[in-house]
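This report refers to the structure that appears directly beneath it.
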Amino acid sequence: MSINIKNVDYSYNKNTQLETRVLENINLTIDKNEFVGITGKIGSGKSTLIKLFNGLFVPDNGYVHVDRVDASDKKTRKKVGLLFQNPHEQLFSKTVYEEIAFAPSNFGIKGDDLTERVHESLHLVGLDSKITDMSPFKLSGGEMRRVALAGVLAMKPEYLILDEPTSGMDIKGKKELYSNLKRIHSTGACVIIVSHQIDDLLPVVNKIVLMDDGKMTFAGTPSEYLENISSPVPEITQLMRGLRSKGFNVRNDVLTVDDAYGQIKNLLTKK
Amino acid sequence: MHSFFFNYVPGNSLIHHLDPRTKLLAVMVASIFIFNAETFLELVTIAGFFVIIAFISGVNYSIFLKSLRPMSLFFIFLFFIQLFLSEGKPIFTIGFINPTYEGLITGLQITTRFIFLILFASILTATTQPVMITSGIERLIRPLPLKYIGVSSFDIATMMSLSIRFIPLLFDNAKKIQYAQMSRGMDFKNNIFKSFSSVAVPLIMSTKRTAQDIAIAMESRCYQGIYRTSLFELEMKNADWIVLLGISIMVLLFMFLI
Amino acid sequence: MIDIKNLVYQYESNSKYPVLDRLNIQIKKGEFVSIVGENGCGKSTLVQHLNALLIPSKGTVQIEGLDTKKQSNIWSIRQKVGMVFQNPQSQFIGTTVQEDVAFGPENLALSNHEIQTRVNDALEQVGMLDFKEYNPMSLSGGQKQCVAIAGVLAMKPEYIVLDEITSMLDDKSQKTISDIIKHLQKNGITIIYVTHRIKDVVNSDRIIVMSKGRILYNDKPQTVLEEPSLPESGIEIPPIVELANRLKRDGIIDTYNNKNLPFSNKELLEDLCQSI
Ligand SMILES: Nc1ncnc2c1ncn2[C@@H]1O[C@H](COP(=O)(O)OP(=O)(O)OP(=O)(O)O)[C@@H](O)[C@H]1O
Ligand SMILES: Nc1ncnc2c1ncn2[C@@H]1O[C@H](COP(=O)(O)OP(=O)(O)OP(=O)(O)O)[C@@H](O)[C@H]1O
Ligand SMILES: [Mg+2]
Ligand SMILES: [Mg+2]
């Protein structure tokens, strides 16, 4: 059970003068039990890459398989839930309720089960059930993103792919989201997050993928990442690396405030 | 994707560098000639002009031919209307249906005229960025007393460039909605009617919303529909005057010859 | 100077309660003010009042004495106050990046030469000059945000409102944007900056923390970020500040410089090297 990406190239505006290659020779395997973070500069091809995972885009060369079946196959698409980067890309319904009910009702869920699913998803993203009759477009930016997220969570996909789910979300929402994702992952779903906030990714994921200019320049565990990659790394890590380069004896893979605090205290007691 | 409608093809040819006003005037003159062309010889001359100008523009001929595609149904319709509804000597008669030789001739004539019209216009669109076309038009109509009908030449130009932007946006929106629905389990291949209706309603709403958003964005960036300047200054160069002179000579020649 | 008095705002379609509840805010010319607060607390609604896109239900908003309620003031207000919206998608007007950035300056009826210079400068500043012939709709999320910022920079307004413009930016572009802000600040431009990343706001002159349409705190970053009840109001304290806070409590870094907390990585590193 895995997503397999083999020798994949992708271009926009194929066969026109504007043709631009944005993905080049991507090879990547994501196992069903993984929690993956994808990061990289703006315009490096992250959003394009994940649209290949649920078959919206078809690679020019190579293939993308989900559980050994082509990603654009109807059955595989049901397994893969994708949150788009911009909620405006994703939302289309008249009301919040319809928006969240769209996927489950396409999968044949009806009646009370459907209502329950909608409320459950709203709850997961920390929204009030009172807003079900509102237009999703008359919400604040962060609320809109949460509705879009609820629409994807309501699918209960086996592979949950989120493009910058926390952008525009407040810290409370962000913390709740990550704890929910950890739980969803522990129930056996694969979670893939695209984010610029490497601070958020490193502590939770077990694989980091780094994209640069359409190429995959790194894929490995967070500790391998910290060993090999100098940027981007979290600010705390940067700070500790700064101390290290000044000759102090601290580790170079410090991620949390607690850890950093402990290390600095340690330095002082040793002295 | 968008190249379907306004297929500007970047290039460096003489035609690309002409002022849009020159090209607009040239297209206008060309269409007058096209609509007055009757004999076979005249049509061939026009075709000759097209081939030469298209060659100078350096744009692949296939791009011009593609611009005819969206209109092809219209051409066929036009041709058959003439063929069947013109009075004259019948080619054959089955019941009501009696195509005439005269109809065949006028049908061919009129369809050819329209084809040439589109072809010449497509030289303009292929060698001129949409924004240049609109500022060209804006400059040409600025002297007209439009304010008496309640608009300014700037309003018209902005409306035109917005509609140019809106058509591809409509397609973008449709595609976005389709992607969003596909990602959440909508099967577009299964039930054509259902898939159409599930895109159509959101599309209408999203188009309305887009229009509002753009209006707000324009307001907040100080758009007022009064005098505004342009990123691209239009400038008549020597080449433009030469081309305009050439066109005038041709027009005069024709007026005196015919 | 921006003067907001007793501002109340209620959306028509959302009639139950006012989204903004009797706000009083003064912003001096040249100030850099950040606005933070949980989702839906009214930040975007508030800042849309500043260039008269929304008009108060009650109370007044004045920009240098110009009341936004008065129709005849709107043009001068919009010329003074530039605004980058939260959703970059819906604010593009041009068919290419450069046409879009030029739209504002064109409305200001600047000379063609001036427009070209401004467009190129603005795109250069945000690092998008290479994309000037591209269709803005077919850019990546972060690229769109950069172009939207350029569109307002090119108008050179005296006040700039930035509504969550870095939410999709990588470290490098965020750095670019904070450099741009510093530069604007130096030139006396007033900046109103809405964000969820407290990291971005430590350099501001003042932080306004909002909650449910009201103001919770309105003070210097030093004061606000040391506020013990801050985490309860849903505000993130940047890890560096949290670490500094703890080290200071233990008396580890306080010794060297008592004036305020070190907020950036570099400052804390210097302080640490001094004290260890
Ligand atoms: N619809 C499109 N048409 C043409 N080019 C596109 C389109 N969408 C994206 N691109 C280009 O493809 C490249 C990769 O874009 P993509 O959206 O995958 O980047 P990204 O890594 O997600 O960036 P970001 O972090 O800014 O979201 C960019 O250079 C972008 O300009
Ligand atoms: N057009 C609208 N019509 C009705 N209600 C609205 C509209 N826009 C926003 N609201 C409501 O007003 C409140 C404040 O929204 P606002 O967009 O100002 O929040 P915000 O502080 O910017 O939040 P975020 O951090 O999520 O962007 C929210 O509860 C929202 O649901
Ligand atoms: Mg992206
Ligand atoms: Mg907002």
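Ligands are numbered from 1 in the order shown, residues from 1 within each chain, and chains are lettered A, B, ... in the order they appear in the structure tokens.
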For this session: For Asp133 in chain A, list every protein, DNA or RNA residue within 9 Å, evaluated using only C-alpha atoms, and leave out those in the same chain fewer than 6 positions away; present the list as a PyMOL selection string.
Result: chain A and resi 94-98
Problem set entry | Non-local contacts of Leu83 in chain A (9 Å; only C-alpha atoms; under 2 positions in same chain excluded) as an MDAnalysis selection string | (chainID A and resid 81 85:87 90 148:149 151:152 160:165) or (chainID B and resid 183)
Output file for the selection above: N, CA, C and O atoms, as a short mmCIF file (atom, residue, chain, number, x, y, z; two decimals), in the first residue's frame:
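Everything below was put into result18.cif:
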data_model
loop_
_atom_site.label_atom_id
_atom_site.label_comp_id
_atom_site.auth_asym_id
_atom_site.auth_seq_id
_atom_site.Cartn_x
_atom_site.Cartn_y
_atom_site.Cartn_z
N GLY A 81 -7.75 12.25 -0.65
CA GLY A 81 -8.41 13.53 -0.39
C GLY A 81 -7.39 14.65 -0.53
O GLY A 81 -6.30 14.56 0.02
N GLN A 85 -4.47 24.63 -2.17
CA GLN A 85 -3.75 25.67 -1.45
C GLN A 85 -4.64 26.88 -1.12
O GLN A 85 -4.58 27.42 -0.04
N ASN A 86 -5.44 27.28 -2.09
CA ASN A 86 -6.28 28.45 -1.88
C ASN A 86 -7.72 27.99 -1.69
O ASN A 86 -8.28 27.35 -2.57
N PRO A 87 -8.34 28.33 -0.57
CA PRO A 87 -9.71 27.87 -0.36
C PRO A 87 -10.65 28.30 -1.49
O PRO A 87 -11.59 27.59 -1.82
N GLN A 90 -11.17 25.78 -4.02
CA GLN A 90 -11.83 24.56 -3.62
C GLN A 90 -13.32 24.72 -3.39
O GLN A 90 -14.10 23.82 -3.67
N ALA A 148 -13.03 24.49 3.88
CA ALA A 148 -12.43 23.69 2.81
C ALA A 148 -11.82 22.42 3.39
O ALA A 148 -11.98 21.32 2.84
N LEU A 149 -11.16 22.57 4.50
CA LEU A 149 -10.53 21.44 5.16
C LEU A 149 -11.58 20.43 5.61
O LEU A 149 -11.43 19.21 5.40
N GLY A 151 -14.39 19.93 4.29
CA GLY A 151 -14.89 19.25 3.10
C GLY A 151 -14.04 18.08 2.69
O GLY A 151 -14.53 17.10 2.13
N VAL A 152 -12.75 18.17 2.94
CA VAL A 152 -11.85 17.06 2.59
C VAL A 152 -11.86 16.00 3.69
O VAL A 152 -11.90 14.80 3.41
N LEU A 160 -4.50 11.45 2.86
CA LEU A 160 -4.97 12.80 3.08
C LEU A 160 -3.85 13.77 2.72
O LEU A 160 -2.79 13.77 3.33
N ILE A 161 -4.10 14.57 1.68
CA ILE A 161 -3.06 15.47 1.20
C ILE A 161 -3.50 16.92 1.39
O ILE A 161 -4.55 17.32 0.90
N LEU A 162 -2.70 17.69 2.10
CA LEU A 162 -3.11 19.05 2.44
C LEU A 162 -2.07 20.05 1.94
O LEU A 162 -0.90 19.97 2.30
N ASP A 163 -2.52 21.01 1.11
CA ASP A 163 -1.61 22.02 0.58
C ASP A 163 -1.68 23.26 1.46
O ASP A 163 -2.68 23.98 1.44
N GLU A 164 -0.66 23.50 2.25
CA GLU A 164 -0.59 24.65 3.15
C GLU A 164 -1.85 24.80 3.99
O GLU A 164 -2.49 25.86 3.97
N PRO A 165 -2.19 23.77 4.75
CA PRO A 165 -3.46 23.84 5.49
C PRO A 165 -3.47 24.91 6.57
O PRO A 165 -4.52 25.38 6.95
N SER B 183 -12.02 16.00 -7.29
CA SER B 183 -11.22 15.59 -6.14
C SER B 183 -12.09 15.08 -5.02
O SER B 183 -11.61 14.41 -4.13
#
For this session: Can you check which residues of range 104-271 of chain C DSSP gives as strand (DSSP E) on the backbone and send them as a VMD selection string?
Result: chain C and resid 159 to 163 190 to 194 206 to 211 214 to 219
Exercise. Mind checking DSSP for range 50-252 of chain B and telling me the helix (DSSP H, G or I) residues as JSON, numbers by chain?
Worked result: {"B": [50, 51, 52, 53, 54, 55, 56, 57, 61, 62, 63, 64, 65, 66, 67, 68, 69, 70, 71, 72, 73, 74, 75, 76, 77, 78, 79, 80, 81, 82, 83, 84, 85, 101, 102, 103, 104, 105, 106, 107, 108, 109, 110, 111, 112, 113, 114, 115, 116, 117, 118, 119, 120, 121, 122, 123, 124, 125, 126, 127, 130, 131, 132, 133, 134, 135, 136, 137, 138, 139, 140, 141, 146, 147, 148, 149, 153, 154, 155, 156, 157, 158, 159, 160, 161, 162, 163, 164, 165, 166, 167, 168, 169, 170, 171, 172, 173, 174, 175, 176, 177, 178, 179, 180, 181, 182, 183, 192, 193, 194, 195, 196, 197, 198, 199, 200, 201, 202, 203, 204, 205, 206, 207, 208, 209, 210, 211, 212, 213, 214, 215, 216, 217, 218, 219, 220, 238, 239, 240, 241, 242, 243, 244, 245, 246, 247, 248, 249, 250, 251, 252]}
For this session: Can you tell me which residues come within 8 Å of ligand 3 when counting only C-alpha atoms and all ligand atoms, ideally as a list in words?
Result: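 Answer in the requested format: Ile42, Gly43, Gly45, Lys46, Ser47, Thr48, Gln85, Asp163, Glu164 and Val194 of chain A; Ser140, Gly141, Gly142 and Met168 of chain C.
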Problem set entry | Spatial neighbours of Gly11 in chain B, max dist 12 Å, only C-alpha atoms, sep filter under 2 positions, as a list in words | Gln17 of chain A; Tyr8, Val9, Ser13, Leu14, Ile15, His16, His17, Leu18, Ile56, Ser57, Gly58, Val59, Asn60, Ala126, Thr127, Thr128 and Gln129 of chain B
